[in-house]
Amino acid sequence: MATQKKPQKPKDNRPPVAIGHVRIETHAVSDTIEFFKALGLRGIFRNDSFGVLELRGGTHLIVSSRDRPVRKGTPAPFDIMVDDIDAAHQKYGKKNFDPSDITSGSIHSSFFIRIPSGHKLKITSSHAGKRAV
């Protein structure tokens, strides 16, 4: 009687660690949550003063309440990476996010949009290519 081999799991080529949670504080929790959902994040939980959204890779964005707005144009405490910077620029323009012009650096290209919190969010090109992330 022949023994059956167990099917092998495909090799997981992702890096072994990921960012678990990042946080942004805002005086406009609901508007900020809706903004990030319009960017493409998945809503997980929300109430009047707190929300959790999910990004690709399972990272969670915590949106929490603060009493007053941040100074307009304050850089967000993180950036967002996209696979196609030109397509993202066009998509966010159609959503009236008023993206800045795309600038190119030695590694990434990027542009900025404003968040209802008053922060300036940097949208950056990914260089992951076809690698699993």
# chains A, B, ... in the order shown; residues from 1 in each chain; ligands from 1

call {"tool": "residues_around", "arguments": {"residues": "A:Val63", "least_positions_apart": "5", "cutoff": "9 Å", "atoms": "only C-alpha atoms", "output": "list in words"}}
result
Val22, Arg23, Ile24, Glu25, Thr26, Val29, Thr32, Ile33, Arg46, Ser49, Phe50, Gly51, Val52 and Leu53 of chain A

call {"tool": "write_last_selection", "arguments": {"atoms": "N, CA and C atoms", "output": "mmCIF file, in the first residue's frame"}}
result
data_model
loop_
_atom_site.group_PDB
_atom_site.id
_atom_site.type_symbol
_atom_site.label_atom_id
_atom_site.label_comp_id
_atom_site.auth_asym_id
_atom_site.auth_seq_id
_atom_site.Cartn_x
_atom_site.Cartn_y
_atom_site.Cartn_z
ATOM 1 N N VAL A 22 -0.294 51.904 13.115
ATOM 2 C CA VAL A 22 0.140 53.295 13.071
ATOM 3 C C VAL A 22 -1.054 54.122 13.519
ATOM 4 N N ARG A 23 -0.778 55.338 13.945
ATOM 5 C CA ARG A 23 -1.841 56.141 14.550
ATOM 6 C C ARG A 23 -1.816 57.565 14.019
ATOM 7 N N ILE A 24 -3.001 58.128 13.889
ATOM 8 C CA ILE A 24 -3.133 59.540 13.570
ATOM 9 C C ILE A 24 -4.222 60.117 14.472
ATOM 10 N N GLU A 25 -3.935 61.277 15.045
ATOM 11 C CA GLU A 25 -4.903 61.963 15.898
ATOM 12 C C GLU A 25 -5.559 63.074 15.098
ATOM 13 N N THR A 26 -6.859 63.258 15.310
ATOM 14 C CA THR A 26 -7.618 64.241 14.551
ATOM 15 C C THR A 26 -8.779 64.801 15.357
ATOM 16 N N VAL A 29 -12.728 62.914 13.561
ATOM 17 C CA VAL A 29 -12.585 61.457 13.463
ATOM 18 C C VAL A 29 -13.413 60.892 12.314
ATOM 19 N N THR A 32 -12.124 61.911 8.880
ATOM 20 C CA THR A 32 -10.820 61.306 8.617
ATOM 21 C C THR A 32 -10.969 59.827 8.282
ATOM 22 N N ILE A 33 -11.839 59.127 8.983
ATOM 23 C CA ILE A 33 -12.103 57.714 8.676
ATOM 24 C C ILE A 33 -12.665 57.590 7.260
ATOM 25 N N ARG A 46 -15.374 51.420 14.385
ATOM 26 C CA ARG A 46 -15.439 52.859 14.613
ATOM 27 C C ARG A 46 -16.490 53.182 15.656
ATOM 28 N N SER A 49 -15.209 58.563 18.682
ATOM 29 C CA SER A 49 -13.894 59.134 18.987
ATOM 30 C C SER A 49 -12.713 58.252 18.583
ATOM 31 N N PHE A 50 -12.976 57.180 17.832
ATOM 32 C CA PHE A 50 -11.927 56.207 17.573
ATOM 33 C C PHE A 50 -12.310 55.364 16.360
ATOM 34 N N GLY A 51 -11.326 54.986 15.561
ATOM 35 C CA GLY A 51 -11.580 54.087 14.456
ATOM 36 C C GLY A 51 -10.358 53.260 14.120
ATOM 37 N N VAL A 52 -10.585 52.118 13.507
ATOM 38 C CA VAL A 52 -9.510 51.236 13.053
ATOM 39 C C VAL A 52 -9.785 50.903 11.591
ATOM 40 N N LEU A 53 -8.777 51.112 10.763
ATOM 41 C CA LEU A 53 -8.859 50.773 9.348
ATOM 42 C C LEU A 53 -7.700 49.845 9.020
#

call {"tool": "select_by_dssp", "arguments": {"residues": "stretch 44-131 of chain A", "states": "strand (DSSP E or B)", "output": "PyMOL selection string"}}
result
chain A and resi 44-46+50-54+60-65+75-82+103-104+109-114+120-125

call {"tool": "residues_around", "arguments": {"residues": "A:Glu54", "least_positions_apart": "3", "cutoff": "8 Å", "atoms": "only C-alpha atoms", "output": "PyMOL selection string"}}
result
chain A and resi 41-44+58-61

call {"tool": "write_last_selection", "arguments": {"atoms": "N, CA and C atoms", "output": "mmCIF file, in the first residue's frame"}}
result
data_model
loop_
_atom_site.group_PDB
_atom_site.id
_atom_site.type_symbol
_atom_site.label_atom_id
_atom_site.label_comp_id
_atom_site.auth_asym_id
_atom_site.auth_seq_id
_atom_site.Cartn_x
_atom_site.Cartn_y
_atom_site.Cartn_z
ATOM 1 N N LEU A 41 -8.601 52.089 2.172
ATOM 2 C CA LEU A 41 -8.432 51.296 3.383
ATOM 3 C C LEU A 41 -9.763 50.641 3.743
ATOM 4 N N ARG A 42 -9.685 49.525 4.430
ATOM 5 C CA ARG A 42 -10.870 48.767 4.845
ATOM 6 C C ARG A 42 -11.253 49.154 6.267
ATOM 7 N N GLY A 43 -12.514 49.523 6.464
ATOM 8 C CA GLY A 43 -12.999 49.835 7.803
ATOM 9 C C GLY A 43 -13.145 48.581 8.645
ATOM 10 N N ILE A 44 -12.644 48.633 9.886
ATOM 11 C CA ILE A 44 -12.723 47.492 10.803
ATOM 12 C C ILE A 44 -13.644 47.807 11.976
ATOM 13 N N GLY A 58 -2.184 43.843 6.331
ATOM 14 C CA GLY A 58 -2.757 43.710 7.663
ATOM 15 C C GLY A 58 -2.427 44.821 8.634
ATOM 16 N N THR A 59 -1.653 45.821 8.215
ATOM 17 C CA THR A 59 -1.360 46.946 9.095
ATOM 18 C C THR A 59 -2.655 47.677 9.422
ATOM 19 N N HIS A 60 -2.799 48.077 10.664
ATOM 20 C CA HIS A 60 -3.981 48.823 11.084
ATOM 21 C C HIS A 60 -3.640 50.284 11.303
ATOM 22 N N LEU A 61 -4.505 51.145 10.801
ATOM 23 C CA LEU A 61 -4.418 52.574 11.061
ATOM 24 C C LEU A 61 -5.421 52.903 12.152
#

call {"tool": "closest_atom_pairs", "arguments": {"of": "stretch 55-118 of chain A", "to": "stretch 34-37 of chain A", "cutoff": "12 Å", "atoms": "only C-alpha atoms", "output": "CSV"}}
result
residue,atom,partner,partner_atom,distance
A:Leu55,CA,A:Phe36,CA,9.8
A:His60,CA,A:Phe36,CA,11.6
A:Leu61,CA,A:Phe36,CA,9.2
A:Ile62,CA,A:Phe36,CA,10.9
A:Val63,CA,A:Phe36,CA,9.7
A:Ile80,CA,A:Phe36,CA,10.5
A:Tyr92,CA,A:Phe35,CA,10.8
A:Lys95,CA,A:Phe35,CA,10.1
A:Asn96,CA,A:Phe35,CA,11.0
A:Phe97,CA,A:Phe35,CA,9.2
A:Ile113,CA,A:Phe35,CA,10.8
A:Arg114,CA,A:Phe35,CA,9.7
A:Ile115,CA,A:Phe35,CA,7.0
A:Pro116,CA,A:Phe35,CA,7.3
A:Ser117,CA,A:Phe35,CA,9.8
A:Gly118,CA,A:Phe35,CA,11.9

call {"tool": "select_by_dssp", "arguments": {"residues": "chain A", "states": "alpha helix (DSSP H)", "output": "list of chain:residue names"}}
result
A:Val29, A:Ser30, A:Asp31, A:Thr32, A:Ile33, A:Glu34, A:Phe35, A:Phe36, A:Lys37, A:Ala38, A:Leu39, A:Ile85, A:Asp86, A:Ala87, A:Ala88, A:His89, A:Gln90, A:Lys91, A:Tyr92, A:Gly93, A:Lys94

call {"tool": "closest_residue", "arguments": {"among": "A:Pro16, A:Pro10, A:Ala38, A:Lys122", "to": "A:Pro77", "atoms": "only C-alpha atoms"}}
result
A:Lys122

call {"tool": "residues_around", "arguments": {"residues": "A:Ile102", "least_positions_apart": "5", "cutoff": "7 Å", "atoms": "only C-alpha atoms", "output": "ChimeraX atom specification"}}
result
/A:109-111

call {"tool": "residues_around", "arguments": {"residues": "A:Asp79", "least_positions_apart": "3", "cutoff": "9 Å", "atoms": "only C-alpha atoms", "output": "ChimeraX atom specification"}}
result
/A:76,121-124

call {"tool": "residues_around", "arguments": {"residues": "A:Ala88", "least_positions_apart": "3", "cutoff": "10 Å", "atoms": "only C-alpha atoms", "output": "MDAnalysis selection string"}}
result
chainID A and resid 39 81:85 91:94 99 111 123:125

call {"tool": "residues_around", "arguments": {"residues": "A:Asn13", "least_positions_apart": "2", "cutoff": "12 Å", "atoms": "only C-alpha atoms", "output": "PyMOL selection string"}}
result
chain A and resi 9-11+15-17+130-133
